[in-house]
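A.B. asks: Dropping the structure in here first, questions after.
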Amino acid sequence: MVIRNLVIALFMLSLTLLTYDSLPYINFSVYRPISMFPMFLASILLLFTDFRFKKWDIFLLVFVMYSIGHSMIVATINGDIASSVSHIITLLFGLSMYRVSVYAAEQAKEDPEIRKSIAKCIAIAFIPPLAAGFLQLFDAFFVRNGFSGVFTGLFADKVYLRRIQMLSGEPSWAAIHMLSGGLIMFFLHKQGFRKQLLLLVATMLLMVLSFSAYAYSVLLTALVIYVLITNKNRGRMLVVLAACAFVVVVGVPYLIETFKVSGYFTQRFQFNFDQLINNDNSFFVRLVFPAIGFMEFARHPIFGVGGGFYYTEVASLLQQHFSSGLKFSEVYDLVFIDPYSATSRNMVSKVFAEEGLIGVILFGGFLVSIFRSCGANSYSKFAFALCISLVMNFDSYAFLDFWLLFGFIRGGGFETEAIRTGMPVRLPVRAKGPIPPVRPIYSEWRRRA
């Protein structure tokens with residue numbers, strides 16, 4: 001029981017720190033969510049409990065073992081141990097986050113007090129970042145002098161002028177937290193935690209006003225996937241999808257014009273592909289680098305280039321097929337100055353490029369098993385669709401939101417049935433004998449082993 005409580009406490013700490021992903025005081029990588037450290041410690045403590053991976057998690061476990069072994073072999077051949085070690089660390093952290101999230105979801109399903117604690121931790125995790133986000137919003141639209149950056153810089157390694165990044169290192173990471181956190185808030189609200197509604201409204205409002213093309217793209221993609229994989233409320237979801245698309249295509253450009261929002265990101269809502277690919281550095285990287293990953297897969301279809309070694313062929317492929325992008329400083333630096341930092345910016349592309357067909361089959365098997373765990377639960381299905389959408393611009397295996405939602409799906413954290421508390425349940429039992437009882441006799445609900 002002590003170990004179990006420690007694991008739950010560490011999980012709650014991770015939830016509380018969910019939105020802090022790039023503290024300036026800990027500089028070991030670009031994406032460094034502080035939450036992964038309590039998760040990793042909790043995963044170690046789980047070794048002293050009776051928790052075991054689920055049956056179909058074998059796909060994930062074999063994928064991790066294959067990826068680690070393959071990466072070490074490639075590292076020996078290329079003489080680059082550092083890239084392999086970095087890759088292995090992110091894999092182990094990702095596996096730890098998933099494992100702990102599954103366990104916590106299982107416990108929350110049985111214990112209403114844990115679900116109450118989750119609601120409190122989500123509130124604590126989002127209130128300060130949302131406050132920072134609205135401060136950035138006021139700065140970007142009205143004051144326009146960057147005063148909010150002083151506060152933001154205490155929590156984020158990089159501060160963006162006139163962008164809504166909350167307390168994250170990137171505006172797109174802030175969008176990820178708002179989407180995944182918003183789903184959890186909505187679920188908790190529907191389960192009776194009424195105070196989550198105000199938090200949810202603030203989160204959705206800030207997400208819309210962030211003018212994040214990434215956030216809008218992820219949400220629309222998730223809605224499309226959800227419509228395709230569910231039969232329940234399909235007509236209603238098509239209406240929601242159409243409304244969201246209308247807001248992005250018509251409403252957002254109107255707001256940008258009304259509030260006189262300025263910045264390179266506003267050009268994305270003119271929907272001019274040629275202009276974006278030739279003038280928007282971020283758009284070029286998000287589009288071309290995943291494409292390079294699939295080109296690497298075409299060159300190495302069976303095994304891939306090895307975990308952590310996506311960068312090895314980026315320079316040659318980019319100069320051969322996308323040389324126009326060298327005018328962007330970020331692209332130039334990744335080709336000629338710091339090639340080891342080049343990543344696919346897309347987890348699907350990363351798996352294809354680095355793990356080859358073998359890795360794709362294993363990781364794909366894990367995704368199919370997660371989808372089957374959704375059953376008929378609409379929350380789980382949307383969480384699955386959201387996870388698939390989130391990785392369109394994210395490729396780290398230490399992706400906290402990704403594993404958190406998948407863990408909740410696998411562990412039944414989104415189940416909407418009444419929580420079993422072990423308290424007596426009023427179930428009438430027919431009494432034996434010819435005379436019916438004056439009062440109904442009640443039996444106690446017995447907990448299943």
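Order determines the names: the first chain of the structure tokens is A, the second B, and so forth; residues in each chain are numbered 1 upward, and ligands are numbered 1 upward as they are shown.
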Taking 5 positions as the minimum chain separation for residues in the same chain, which residues sit within 6 Å of stretch 347-354 of chain A when counting only C-alpha atoms? Answer as a short mmCIF file (atom, residue, chain, number, x, y, z; two decimals) with C-alpha atoms, in the first residue's frame.
C.D. replies:
data_model
loop_
_atom_site.label_atom_id
_atom_site.label_comp_id
_atom_site.auth_asym_id
_atom_site.auth_seq_id
_atom_site.Cartn_x
_atom_site.Cartn_y
_atom_site.Cartn_z
CA PRO A 290 8.98 14.43 -42.56
CA GLY A 293 12.14 10.65 -43.41
CA PHE A 294 10.00 8.73 -45.89
CA GLU A 296 15.18 7.49 -46.02
CA PHE A 297 12.67 4.68 -45.56
CA GLY A 304 15.70 1.83 -41.48
CA VAL A 305 18.70 4.01 -40.68
CA GLY A 306 18.65 3.17 -36.96
CA GLY A 307 17.09 4.80 -33.92
CA VAL A 391 2.51 13.47 -33.63
CA PHE A 394 6.28 15.95 -32.89
CA ASP A 395 8.78 13.10 -32.98
#
A.B. asks: So the first atom is atom CA of A:Ile302 and the second is atom CA of A:Ile225; what is the distance between them in Å, to one decimal place?
C.D. replies: 28.1 Å
A.B. asks: Excluding A:Ser96 and its own-chain neighbours fewer than 4 positions away, which residues fall within 9 Å of it when counting only C-alpha atoms? Please give them as a PDB file with N, CA, C and O atoms, in the first residue's frame.
C.D. replies:
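For reference, selection07.pdb as written:
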ATOM      1  N   MET A  36       8.559  14.212 -16.666  1.00  0.00           N
ATOM      2  CA  MET A  36       9.025  12.860 -16.980  1.00  0.00           C
ATOM      3  C   MET A  36       9.899  12.275 -15.867  1.00  0.00           C
ATOM      4  O   MET A  36      10.013  11.051 -15.748  1.00  0.00           O
ATOM      5  N   MET A  39       7.636  10.612 -13.279  1.00  0.00           N
ATOM      6  CA  MET A  39       7.095   9.437 -13.960  1.00  0.00           C
ATOM      7  C   MET A  39       8.108   8.300 -13.974  1.00  0.00           C
ATOM      8  O   MET A  39       7.771   7.129 -13.740  1.00  0.00           O
ATOM      9  N   PHE A  40       9.346   8.624 -14.271  1.00  0.00           N
ATOM     10  CA  PHE A  40      10.392   7.600 -14.337  1.00  0.00           C
ATOM     11  C   PHE A  40      10.614   6.969 -12.964  1.00  0.00           C
ATOM     12  O   PHE A  40      10.767   5.745 -12.841  1.00  0.00           O
ATOM     13  N   LEU A  41      10.639   7.789 -11.925  1.00  0.00           N
ATOM     14  CA  LEU A  41      10.800   7.264 -10.567  1.00  0.00           C
ATOM     15  C   LEU A  41       9.611   6.383 -10.185  1.00  0.00           C
ATOM     16  O   LEU A  41       9.780   5.314  -9.586  1.00  0.00           O
ATOM     17  N   ALA A  42       8.402   6.820 -10.548  1.00  0.00           N
ATOM     18  CA  ALA A  42       7.212   6.022 -10.265  1.00  0.00           C
ATOM     19  C   ALA A  42       7.268   4.683 -10.990  1.00  0.00           C
ATOM     20  O   ALA A  42       6.840   3.652 -10.465  1.00  0.00           O
ATOM     21  N   SER A  43       7.804   4.683 -12.208  1.00  0.00           N
ATOM     22  CA  SER A  43       7.924   3.447 -12.973  1.00  0.00           C
ATOM     23  C   SER A  43       8.870   2.455 -12.280  1.00  0.00           C
ATOM     24  O   SER A  43       8.628   1.246 -12.296  1.00  0.00           O
ATOM     25  N   ILE A  44       9.927   2.987 -11.692  1.00  0.00           N
ATOM     26  CA  ILE A  44      10.847   2.113 -10.941  1.00  0.00           C
ATOM     27  C   ILE A  44      10.134   1.503  -9.734  1.00  0.00           C
ATOM     28  O   ILE A  44      10.265   0.308  -9.446  1.00  0.00           O
ATOM     29  N   LEU A  91      13.329   6.608 -25.356  1.00  0.00           N
ATOM     30  CA  LEU A  91      12.481   5.413 -25.420  1.00  0.00           C
ATOM     31  C   LEU A  91      12.112   4.925 -24.028  1.00  0.00           C
ATOM     32  O   LEU A  91      10.948   4.622 -23.747  1.00  0.00           O
ATOM     33  N   LEU A  92      13.099   4.850 -23.147  1.00  0.00           N
ATOM     34  CA  LEU A  92      12.846   4.348 -21.793  1.00  0.00           C
ATOM     35  C   LEU A  92      11.958   5.299 -21.001  1.00  0.00           C
ATOM     36  O   LEU A  92      11.095   4.861 -20.231  1.00  0.00           O
ATOM     37  N   VAL A 100       3.220   4.039 -16.088  1.00  0.00           N
ATOM     38  CA  VAL A 100       2.673   4.695 -14.904  1.00  0.00           C
ATOM     39  C   VAL A 100       1.261   5.221 -15.188  1.00  0.00           C
ATOM     40  O   VAL A 100       0.377   5.142 -14.330  1.00  0.00           O
ATOM     41  N   SER A 101       1.051   5.740 -16.385  1.00  0.00           N
ATOM     42  CA  SER A 101      -0.274   6.269 -16.734  1.00  0.00           C
ATOM     43  C   SER A 101      -1.319   5.162 -16.761  1.00  0.00           C
ATOM     44  O   SER A 101      -2.467   5.363 -16.327  1.00  0.00           O
ATOM     45  N   TRP A 403       1.812   9.659 -24.296  1.00  0.00           N
ATOM     46  CA  TRP A 403       1.782   8.463 -23.449  1.00  0.00           C
ATOM     47  C   TRP A 403       0.732   8.580 -22.352  1.00  0.00           C
ATOM     48  O   TRP A 403       0.150   7.560 -21.933  1.00  0.00           O
TER      49      TRP A 403
END
A.B. asks: What's the 12 Å shell around A:Phe193, counting only C-alpha atoms, without same-chain residues fewer than 2 positions away, as a list in words?
C.D. replies: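 Counting only C-alpha atoms, the residues come to Pro112, Arg115, Lys116, Ser117, Ile118, Ala119, Lys120, Ile122, Ala123, Ile184, Met185, Phe186, Phe187, Leu188, His189, Lys190, Gln191, Lys195, Gln196, Leu197, Leu198, Leu199 and Leu200 of chain A.
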A.B. asks: For atom CA of A:Phe322 and atom CA of A:Ala398, quote the distance in Å rounded to one decimal.
C.D. replies: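 Atom CA of A:Ala398 lies 29.1 Å from atom CA of A:Phe322.
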A.B. asks: Using DSSP on the backbone coordinates, identify the residues of stretch 64-290 of chain A assigned to helix (DSSP H, G or I); present them as a PyMOL selection string.
C.D. replies: chain A and resi 64-78+81-110+112-143+148-152+171-190+196-209+213-229+234-259+264-270+273-279+281-290
